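Here is the structure we will look at.
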There are 2 protein chains.
Amino acid sequence: MTTIKDIAQAVGVSCTTVSNVINGRSGRVSADTILRINETIEMLGYVPNMSARSLVSSSSRVIGVISHLAPHKNESIVEDPFHSAFIGSIERTLSENGYYLMLRTVETTAELVAFLRNWNVDGLFFTGVFQDEFFQALSELSIPIVLIDSYVSHSNMCNVGLEDYKGGYTATRYLIEQGHKDIAFASPTIRERGVVYERFLGYKNALAEASLPFRPELVFEQELDLNSTVSLGRKLAKRNDFTAVFATADIMAAGIMAGIHEAGKKVPDDISVIGFDDINLCQLTSPKLTTIHQDAPLKGKLAVNFLMNLLENKKIEEREVILPISLVERNSVKKI
Amino acid sequence: MTTIKDIAQAVGVSCTTVSNVINGRSGRVSADTILRINETIEMLGYVPNMSARSLVSSSSRVIGVISHLAPHKNESIVEDPFHSAFIGSIERTLSENGYYLMLRTVETTAELVAFLRNWNVDGLFFTGVFQDEFFQALSELSIPIVLIDSYVSHSNMCNVGLEDYKGGYTATRYLIEQGHKDIAFASPTIRERGVVYERFLGYKNALAEASLPFRPELVFEQELDLNSTVSLGRKLAKRNDFTAVFATADIMAAGIMAGIHEAGKKVPDDISVIGFDDINLCQLTSPKLTTIHQDAPLKGKLAVNFLMNLLENKKIEEREVILPISLVERNSVKKI
DNA sequence: AGACTATGTTATATCAGTTTAACATTAAAC
DNA sequence: GTTTAATGTTAAACTGATATAACATAGTCT
């Protein structure tokens with residue numbers, strides 16, 4: 001392997017000079033030397049060794065994406081269609097900026113901290129709800145963090161979020177406008193400071209605003225996996241005390257629809273369904289799924305932007321972006 | 001940050017001894033010393049610095065997953081539902097084995113080689129079809145590589161594959177058994193030594209075996225993105241010269257189904273559709289998609305196993321595993 | 001008693017870079 | 001004609017680990 005030493009030797013200068021040129025600190029290097037060094041680097045196919053670099057600089061250009069911190073979930077973040085869209089976007093944007101993405105499953109805070117220190121990880125993306133203990137540990141490490149879809153604010157972290165409350169409100173409001181009065185709510189576990197909680201608040205307030213009662217028996221908390229959502233759909237099909245469901249994720253909405261169909265009822269004729277996220281799947285179901293749209297690639301891109309700014313110590317005026325939602329009308333909601 | 005030196009100092013031994021204990025080379029270290037070292041490591045919260053490690057050992061425990069090598073495709077591998085299932089599996093298995101996964105977009109062979117050398121990447125996963133030039137470059141680097149779904153065999157690489165030919169044959173045969181005589185074939189670009197090519201051969205041979213003519217005008221090559229597949233579906237709906245389509249990917253089959261429905265025709269009454277992969281999506285469409293099943297998580301796990309064996313220089317009797325396919329009958333194919 | 005093992009332990013070099021502080025050389029300023 | 005500044009360049013220390021080869025010490029065997 002060609003090293004910086006080989007380049008220095010070949011050109012007839014010192015390592016320092018080569019290092020300076022490579023790192024753009026060529027202010028005090030003569031034009032001729034720069035040219036010769038670059039030529040030699042090209043010729044010898046020199047590639048810097050990141051281990052040596054990060055050893056001496058204690059920073060690595062590695063950005064971590066933590067897959068999950070919840071021990072019970074045996075599912076990687078990439079397996080969720082919404083998140084994978086947005087990780088794809090993160091990955092591309094990071095590559096463009098000369099950073100490297102490490103995907104890592106950790107189950108405990110200790111494991112996470114070990115991982116970050118193992119590699120001198122420069123920055124971190126997080127999505128979801130976490131325990132305080134966890135944030136405590138992270139702020140001690142003081143590495144730049146961008147939180148995505150996390151209703152936690154921390155002095156040295158940035159947030160990329162969504163109009164979740166408005167999304168929940170808009171979805172519910174839309175159902176009400178279509179004449180629905182008894183509207184079920186389906187979501188994974190509702191946790192405070194999570195996106196689902198905000199969507200839930202939006203749902204409740206839309207009901208209240210229309211003077212419709214909030215009926216706790218119509219709130220269904222369920223895991224997002226295929227089997228759970230489909231069986232929830234079957235269960236819902238058996239009831240007759242509501243006419244529409246708002247599911248806080250498209251995969252859940254789609255599963256519910258499948259379950260309803262399995263049970264012999266029809267969407268939207270018997271039960272209307274509205275989803276959230278607007279992933280590709282919405283256009284592949286029959287009927288196509290009416291949903292709340294959000295821009296996953298943009299979310300990824302903005303998250304990377306934030307992180308880049310944090311890493312370069314740029315002054316950040318606004319530590320938070322909230323992306324807008326919009327309603328996408330398709331065919332899974334009936335007007336009554 | 002606590003270093004190995006701090007541990008050594010605290011315990012009153014040398015770095016070498018600490019290093020030996022950490023790396024399990026404790027054969028010549030007294031039980032008492034081992035105990036004290038481990039206690040101190042625990043107490044001081046020591047975490048090894050991977051950069052220093054990989055610098056001296058020129059191996060990093062980093063495994064690369066190359067996101068895409070096709071410059072025209074602006075899509076990360078994680079965005080494809082089949083691949084994301086299987087990357088999720090790879091990621092978990094690697095973590096369990098103490099390896100780290102780096103996801104990287106590269107567009108040229110040079111970029112790939114630079115990436116591998118940058119980080120002393122220990123091993124690599126590849127999926128898909130690549131140019132010879134590319135394999136040339138990789139074999140020069142001589143790092144362990146596991147090819148997934150790639151019909152290329154190379155002396156120091158392992159392959160995890162699928163019964164693609166049989167899959168194509170089984171799907172087509174099934175359609176024929178259901179009474180279909182005019183069967184279209186839909187896939188991304190058919191490239192030699194790719195999975196699609198094998199499935200295509202299976203399709204052709206099943207036709208031939210049943211004495212049905214192969215009709216080139218019924219072969220449709222199309223990108224896998226949502227818009228392309230849906231518009232292919234619309235296009236297919238306009239034709240009357242076939243009764244069934246075999247799509248070599250479920251996302252394509254689902255898109256085609258959506259397009260057919262958009263055009264006012266019905267699956268399976270007007271046109272039957274069969275897919276490939278058996279991703280979750282198959283159970284979310286209406287009708288549910290009949291498809292060829294393959295086990296994505298197992299594929300990932302086996303790929304990791306191969307890589308671990310290659311990394312540990314274990315004797316490998318068989319450099320190749322071919323996973324079995326199976327037919328999953330659902331409701332998208334009509335018996336005529 | 002001396003040679004030989006087995007058992008513990010450790011200086012020191014090394015990995016491939018970056019950083020620091022100093023050293024020449026030439027040009028400009030007073 | 002010296003001081004000052006600007007321009008190039010470099011030797012050497014350092015980052016945190018591992019590997020090599022050597023060095024003690026204690027016990028065992030002739």
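If you're wondering about the labels, chains in the structure tokens are A, B, ... by order shown, residues count from 1 in each chain, ligands from 1 in order shown.
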| message | Considering only alpha helix (DSSP H) as DSSP defines it on the backbone, what residues of stretch 15-257 of chain A qualify? List them as a PyMOL selection string. | response | chain A and resi 15-22+31-44+50-57+81-96+109-118+132-141+164-177+195-209+226-238+250-257
Give one line per residue of chain B that approaches chain A to at most 8 Å, naming the two atoms of the closest pair and their distance in Å to one decimal, counting only C-alpha atoms; sort by chain then ascending residue number and deliver it as a tab-separated table.
```
residue	atom	partner	partner_atom	distance
B:Val47	CA	A:Ala114	CA	6.1
B:Pro48	CA	A:Asn118	CA	5.8
B:Asn49	CA	A:Asn118	CA	4.8
B:Met50	CA	A:Asn118	CA	5.3
B:Ser51	CA	A:Ser51	CA	4.3
B:Ala52	CA	A:Leu55	CA	5.8
B:Ser54	CA	A:Ser51	CA	6.4
B:Leu55	CA	A:Ser51	CA	5.4
B:Glu75	CA	A:Gly88	CA	7.2
B:Ser76	CA	A:Gly88	CA	5.1
B:Ile77	CA	A:Gly88	CA	7.5
B:Val78	CA	A:Ser84	CA	5.7
B:Glu79	CA	A:Ala85	CA	5.3
B:Pro81	CA	A:Pro81	CA	7.0
B:Ser84	CA	A:Glu79	CA	5.5
B:Ala85	CA	A:Glu79	CA	5.3
B:Ile87	CA	A:Val78	CA	7.5
B:Gly88	CA	A:Ser76	CA	5.1
B:Ser89	CA	A:Ser76	CA	7.7
B:Glu91	CA	A:Arg104	CA	7.1
B:Arg92	CA	A:Thr105	CA	6.4
B:Ser95	CA	A:Thr105	CA	6.4
B:Tyr100	CA	A:Arg104	CA	6.9
B:Leu101	CA	A:Met102	CA	5.6
B:Met102	CA	A:Met102	CA	4.5
B:Leu103	CA	A:Leu101	CA	5.6
B:Arg104	CA	A:Ser95	CA	6.8
B:Thr105	CA	A:Ser95	CA	6.3
B:Ala114	CA	A:Val47	CA	6.1
B:Arg117	CA	A:Val47	CA	6.7
B:Asn118	CA	A:Asn49	CA	4.8
B:Trp119	CA	A:Met50	CA	5.6
B:Asn120	CA	A:Asn49	CA	7.8
B:Leu226	CA	A:Asn280	CA	7.0
B:Ala254	CA	A:Leu284	CA	6.0
B:Gly255	CA	A:Leu284	CA	6.1
B:Met257	CA	A:Leu284	CA	7.7
B:Ala258	CA	A:Leu284	CA	5.5
B:Asn280	CA	A:Leu226	CA	7.0
B:Leu281	CA	A:Leu281	CA	7.6
B:Gln283	CA	A:Ala258	CA	7.3
B:Leu284	CA	A:Ala258	CA	5.5
B:Thr285	CA	A:Thr285	CA	4.7
B:Ser286	CA	A:Ser286	CA	5.5
```
Please identify every residue of chain A that has at least one atom no farther than 8 Å from an atom of chain D, counting only C-alpha atoms (C1' of nucleotides), and for each give the shortest atom pair and the distance in Å to one decimal, arranged by chain then increasing number, as CSV.
```
residue,atom,partner,partner_atom,distance
A:Val13,CA,D:DT9,C1',7.9
A:Ser14,CA,D:DT10,C1',6.1
A:Thr16,CA,D:DT10,C1',7.1
A:Thr17,CA,D:DT9,C1',7.2
A:Arg28,CA,D:DG8,C1',6.0
A:Val29,CA,D:DG8,C1',5.8
A:Ser30,CA,D:DG8,C1',6.8
A:Leu55,CA,D:DT15,C1',5.3
A:Val56,CA,D:DT15,C1',4.3
A:Ser57,CA,D:DT15,C1',7.6
```
Can you write just those residues out, all heavy atoms, as an mmCIF file, in the first residue's frame?
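Contents of the output file part05.cif:
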```
data_model
loop_
_atom_site.group_PDB
_atom_site.id
_atom_site.type_symbol
_atom_site.label_atom_id
_atom_site.label_comp_id
_atom_site.auth_asym_id
_atom_site.auth_seq_id
_atom_site.Cartn_x
_atom_site.Cartn_y
_atom_site.Cartn_z
ATOM 1 N N VAL A 13 10.198 15.524 -0.959
ATOM 2 C CA VAL A 13 9.857 16.495 0.089
ATOM 3 C C VAL A 13 9.535 15.726 1.363
ATOM 4 O O VAL A 13 9.674 14.506 1.403
ATOM 5 C CB VAL A 13 8.634 17.363 -0.304
ATOM 6 C CG1 VAL A 13 8.953 18.261 -1.486
ATOM 7 C CG2 VAL A 13 7.432 16.478 -0.594
ATOM 8 N N SER A 14 9.100 16.443 2.373
ATOM 9 C CA SER A 14 8.782 15.774 3.627
ATOM 10 C C SER A 14 7.314 15.373 3.679
ATOM 11 O O SER A 14 6.495 15.860 2.907
ATOM 12 C CB SER A 14 9.057 16.713 4.787
ATOM 13 O OG SER A 14 8.033 17.679 4.841
ATOM 14 N N THR A 16 5.251 16.162 5.930
ATOM 15 C CA THR A 16 4.454 17.333 6.308
ATOM 16 C C THR A 16 3.918 18.040 5.079
ATOM 17 O O THR A 16 2.726 18.368 4.997
ATOM 18 C CB THR A 16 5.313 18.312 7.122
ATOM 19 O OG1 THR A 16 5.969 17.589 8.153
ATOM 20 C CG2 THR A 16 4.466 19.405 7.706
ATOM 21 N N THR A 17 4.801 18.271 4.137
ATOM 22 C CA THR A 17 4.383 18.994 2.937
ATOM 23 C C THR A 17 3.302 18.231 2.193
ATOM 24 O O THR A 17 2.280 18.798 1.792
ATOM 25 C CB THR A 17 5.593 19.232 2.017
ATOM 26 O OG1 THR A 17 6.590 19.927 2.765
ATOM 27 C CG2 THR A 17 5.207 20.049 0.821
ATOM 28 N N ARG A 28 1.391 27.671 2.101
ATOM 29 C CA ARG A 28 2.832 27.957 2.098
ATOM 30 C C ARG A 28 3.634 26.949 1.279
ATOM 31 O O ARG A 28 4.807 26.730 1.520
ATOM 32 C CB ARG A 28 3.359 27.970 3.534
ATOM 33 C CG ARG A 28 3.014 29.219 4.273
ATOM 34 C CD ARG A 28 3.443 29.236 5.695
ATOM 35 N NE ARG A 28 2.966 30.448 6.318
ATOM 36 C CZ ARG A 28 1.679 30.758 6.411
ATOM 37 N NH1 ARG A 28 0.773 29.922 5.955
ATOM 38 N NH2 ARG A 28 1.298 31.892 6.967
ATOM 39 N N VAL A 29 2.956 26.306 0.344
ATOM 40 C CA VAL A 29 3.661 25.339 -0.497
ATOM 41 C C VAL A 29 3.719 25.912 -1.913
ATOM 42 O O VAL A 29 2.735 26.446 -2.414
ATOM 43 C CB VAL A 29 2.927 23.988 -0.519
ATOM 44 C CG1 VAL A 29 3.715 22.966 -1.317
ATOM 45 C CG2 VAL A 29 2.685 23.496 0.910
ATOM 46 N N SER A 30 4.871 25.803 -2.533
ATOM 47 C CA SER A 30 5.029 26.395 -3.870
ATOM 48 C C SER A 30 4.186 25.644 -4.892
ATOM 49 O O SER A 30 3.950 24.438 -4.774
ATOM 50 C CB SER A 30 6.490 26.349 -4.299
ATOM 51 O OG SER A 30 6.871 25.021 -4.556
ATOM 52 N N LEU A 55 -6.999 8.259 14.045
ATOM 53 C CA LEU A 55 -6.229 8.044 15.271
ATOM 54 C C LEU A 55 -5.624 9.360 15.750
ATOM 55 O O LEU A 55 -5.757 9.747 16.911
ATOM 56 C CB LEU A 55 -5.113 7.028 15.019
ATOM 57 C CG LEU A 55 -4.203 6.771 16.204
ATOM 58 C CD1 LEU A 55 -5.007 6.285 17.403
ATOM 59 C CD2 LEU A 55 -3.124 5.771 15.850
ATOM 60 N N VAL A 56 -5.005 10.049 14.829
ATOM 61 C CA VAL A 56 -4.327 11.271 15.232
ATOM 62 C C VAL A 56 -5.280 12.448 15.421
ATOM 63 O O VAL A 56 -5.056 13.307 16.264
ATOM 64 C CB VAL A 56 -3.191 11.607 14.237
ATOM 65 C CG1 VAL A 56 -3.749 12.011 12.905
ATOM 66 C CG2 VAL A 56 -2.293 12.684 14.787
ATOM 67 N N SER A 57 -6.346 12.445 14.651
ATOM 68 C CA SER A 57 -7.237 13.606 14.731
ATOM 69 C C SER A 57 -8.421 13.367 15.663
ATOM 70 O O SER A 57 -9.208 14.275 15.904
ATOM 71 C CB SER A 57 -7.757 13.954 13.341
ATOM 72 O OG SER A 57 -8.579 12.916 12.867
#
```
| query | Which residues come within 7 Å of stretch 137-153 of chain A, counting only C-alpha atoms (C1' of nucleotides), excluding same-chain residues fewer than 2 positions away, as a PyMOL selection string? | reply | chain A and resi 122-129+133-135+155+157-162+193-195+303+306-307+310-311
Residues of the last selection are to be written out with N, CA and C atoms, as a short mmCIF file (atom, residue, chain, number, x, y, z; two decimals), in the first residue's frame.
```cif
data_model
loop_
_atom_site.label_atom_id
_atom_site.label_comp_id
_atom_site.auth_asym_id
_atom_site.auth_seq_id
_atom_site.Cartn_x
_atom_site.Cartn_y
_atom_site.Cartn_z
N ASP A 122 -18.21 10.63 14.38
CA ASP A 122 -18.28 12.09 14.34
C ASP A 122 -19.68 12.64 14.58
N GLY A 123 -20.66 11.86 14.20
CA GLY A 123 -22.02 12.39 14.33
C GLY A 123 -23.02 11.26 14.29
N LEU A 124 -24.24 11.59 14.62
CA LEU A 124 -25.22 10.53 14.82
C LEU A 124 -26.60 10.97 14.35
N PHE A 125 -27.31 10.02 13.77
CA PHE A 125 -28.71 10.24 13.48
C PHE A 125 -29.55 9.36 14.37
N PHE A 126 -30.60 9.93 14.85
CA PHE A 126 -31.52 9.17 15.68
C PHE A 126 -32.92 9.38 15.26
N THR A 127 -33.67 8.38 15.38
CA THR A 127 -35.07 8.54 15.08
C THR A 127 -35.87 7.82 16.14
N GLY A 128 -36.91 8.45 16.58
CA GLY A 128 -37.78 7.78 17.54
C GLY A 128 -37.70 8.34 18.94
N VAL A 129 -38.23 7.56 19.83
CA VAL A 129 -38.35 7.98 21.22
C VAL A 129 -37.30 7.25 22.05
N GLU A 133 -32.06 8.65 30.15
CA GLU A 133 -30.74 8.12 30.54
C GLU A 133 -29.83 8.13 29.31
N PHE A 134 -30.45 7.80 28.23
CA PHE A 134 -29.79 7.71 26.96
C PHE A 134 -29.27 9.07 26.49
N PHE A 135 -30.10 10.06 26.61
CA PHE A 135 -29.69 11.40 26.21
C PHE A 135 -28.61 11.94 27.12
N SER A 155 -30.04 21.05 23.98
CA SER A 155 -29.33 22.27 23.58
C SER A 155 -28.38 22.06 22.41
N MET A 157 -28.39 19.59 20.06
CA MET A 157 -28.84 18.68 19.03
C MET A 157 -29.76 19.45 18.09
N CYS A 158 -29.90 18.93 16.87
CA CYS A 158 -30.83 19.53 15.94
C CYS A 158 -32.00 18.59 15.72
N ASN A 159 -33.08 19.14 15.29
CA ASN A 159 -34.28 18.33 15.07
C ASN A 159 -34.82 18.49 13.65
N VAL A 160 -35.13 17.38 13.05
CA VAL A 160 -35.89 17.42 11.80
C VAL A 160 -37.20 16.72 12.09
N GLY A 161 -38.25 17.46 11.96
CA GLY A 161 -39.54 16.90 12.33
C GLY A 161 -40.58 17.10 11.26
N LEU A 162 -41.77 16.84 11.65
CA LEU A 162 -42.88 16.90 10.71
C LEU A 162 -44.07 17.51 11.44
N ARG A 193 -43.99 12.28 23.68
CA ARG A 193 -42.84 12.83 22.97
C ARG A 193 -42.51 12.05 21.69
N GLY A 194 -43.44 11.22 21.24
CA GLY A 194 -43.24 10.53 19.97
C GLY A 194 -44.17 11.10 18.92
N VAL A 195 -43.86 10.80 17.68
CA VAL A 195 -44.68 11.34 16.60
C VAL A 195 -46.13 10.86 16.70
N ALA A 303 -31.67 16.48 7.26
CA ALA A 303 -30.98 15.93 8.43
C ALA A 303 -29.48 15.95 8.19
N PHE A 306 -28.11 19.53 8.45
CA PHE A 306 -27.95 19.91 9.85
C PHE A 306 -26.67 19.34 10.41
N LEU A 307 -26.46 18.07 10.15
CA LEU A 307 -25.29 17.41 10.72
C LEU A 307 -24.01 18.02 10.16
N LEU A 310 -23.40 21.24 11.92
CA LEU A 310 -22.93 21.00 13.28
C LEU A 310 -21.47 20.58 13.26
N LEU A 311 -21.11 19.72 12.31
CA LEU A 311 -19.75 19.20 12.25
C LEU A 311 -18.76 20.30 11.89
#
```
| request: Write out as a ChimeraX atom specification all residues of stretch 12-251 of chain B that backbone DSSP assigns to strand (DSSP E or B). | output: /B:62-66,100-104,123-127,145-148,150,157-162,183-187,194,219-221,244-247
| task | Could you tell me which of C:DT19, C:DG8, C:DA13, C:DT26 comes closest to chain B if we count only C-alpha atoms (C1' of nucleotides)? | result |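 Of the candidates, the smallest distance to chain B is held by C:DG8.
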| request: Could you please tell me, as a list in words, which residues of chain C have an atom within 7 Å of chain B when using only C-alpha atoms (C1' of nucleotides)? | output: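 Close to chain B, chain C has DT7, DG8, DT10 and DC15 of chain C.
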Go ahead and dump the residues you just picked, N, CA, C and O atoms (P, O5', C5', C4', C3', O3' and C1' of nucleotides), as a PDB file, in the first residue's frame.
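selection_28.pdb, written as the output of this step:
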```pdb
ATOM      1  P    DT C   7       3.223 -23.701  31.921  1.00  0.00           P
ATOM      2  O5'  DT C   7       3.538 -22.326  32.647  1.00  0.00           O
ATOM      3  C5'  DT C   7       3.977 -22.347  33.998  1.00  0.00           C
ATOM      4  C4'  DT C   7       4.339 -20.951  34.432  1.00  0.00           C
ATOM      5  C3'  DT C   7       3.300 -19.869  34.094  1.00  0.00           C
ATOM      6  O3'  DT C   7       3.013 -19.156  35.282  1.00  0.00           O
ATOM      7  C1'  DT C   7       5.451 -19.160  33.486  1.00  0.00           C
ATOM      8  P    DG C   8       1.542 -18.463  35.483  1.00  0.00           P
ATOM      9  O5'  DG C   8       1.949 -16.935  35.577  1.00  0.00           O
ATOM     10  C5'  DG C   8       2.706 -16.384  34.534  1.00  0.00           C
ATOM     11  C4'  DG C   8       3.432 -15.162  35.048  1.00  0.00           C
ATOM     12  C3'  DG C   8       2.734 -13.873  34.638  1.00  0.00           C
ATOM     13  O3'  DG C   8       2.917 -12.888  35.651  1.00  0.00           O
ATOM     14  C1'  DG C   8       4.866 -14.051  33.576  1.00  0.00           C
ATOM     15  P    DT C  10       4.682  -5.914  33.567  1.00  0.00           P
ATOM     16  O5'  DT C  10       5.838  -5.594  32.516  1.00  0.00           O
ATOM     17  C5'  DT C  10       7.196  -5.735  32.909  1.00  0.00           C
ATOM     18  C4'  DT C  10       8.078  -5.402  31.720  1.00  0.00           C
ATOM     19  C3'  DT C  10       7.665  -4.140  30.982  1.00  0.00           C
ATOM     20  O3'  DT C  10       8.822  -3.369  30.723  1.00  0.00           O
ATOM     21  C1'  DT C  10       7.878  -5.898  29.451  1.00  0.00           C
ATOM     22  P    DC C  15       6.027  -0.084   9.742  1.00  0.00           P
ATOM     23  O5'  DC C  15       4.463   0.170   9.614  1.00  0.00           O
ATOM     24  C5'  DC C  15       3.523  -0.870   9.903  1.00  0.00           C
ATOM     25  C4'  DC C  15       2.189  -0.246  10.248  1.00  0.00           C
ATOM     26  C3'  DC C  15       1.921   1.047   9.486  1.00  0.00           C
ATOM     27  O3'  DC C  15       1.130   0.739   8.341  1.00  0.00           O
ATOM     28  C1'  DC C  15       1.300   1.213  11.813  1.00  0.00           C
TER      29       DC C  15
END
```
Env of B:His293: 6 Å cut, atoms = only C-alpha atoms (C1' of nucleotides), seq-sep filter 3 positions within chain, self excluded. Answer as a compact mmCIF listing (two decimals) with N, CA, C and O atoms, in the first residue's frame.
```
# COMPACT_ATOMS: atom_id res chain seq x y z
N ASP B 277 -40.29 -13.21 -5.29
CA ASP B 277 -39.61 -12.77 -4.05
C ASP B 277 -40.45 -13.05 -2.80
O ASP B 277 -39.93 -13.42 -1.78
N ASP B 278 -41.74 -12.79 -2.91
CA ASP B 278 -42.63 -12.92 -1.76
C ASP B 278 -42.27 -11.95 -0.65
O ASP B 278 -42.02 -12.34 0.49
N ILE B 325 -36.49 -22.18 -3.92
CA ILE B 325 -37.68 -21.34 -4.07
C ILE B 325 -38.91 -22.20 -3.79
O ILE B 325 -38.81 -23.43 -3.72
N SER B 326 -40.02 -21.55 -3.63
CA SER B 326 -41.27 -22.30 -3.55
C SER B 326 -42.39 -21.41 -4.06
O SER B 326 -42.29 -20.19 -4.04
N LEU B 327 -43.41 -22.06 -4.52
CA LEU B 327 -44.54 -21.31 -5.07
C LEU B 327 -45.51 -20.99 -3.94
O LEU B 327 -45.85 -21.86 -3.14
```
| query | How many Å separate atom CA of A:Ser26 from atom CA of A:Asn313? | reply | 22.2 Å
| query | Any idea what the distance is between atom CA of B:Pro297 and atom CA of A:Ala186? | reply |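 A separation of 28.1 Å between them.
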| message | Ranking A:Glu163, A:Gln131, A:Ala208, A:Lys335 by minimum distance to A:Arg191 and counting only C-alpha atoms, which one comes first? | response |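 The closest residue to A:Arg191 is A:Gln131.
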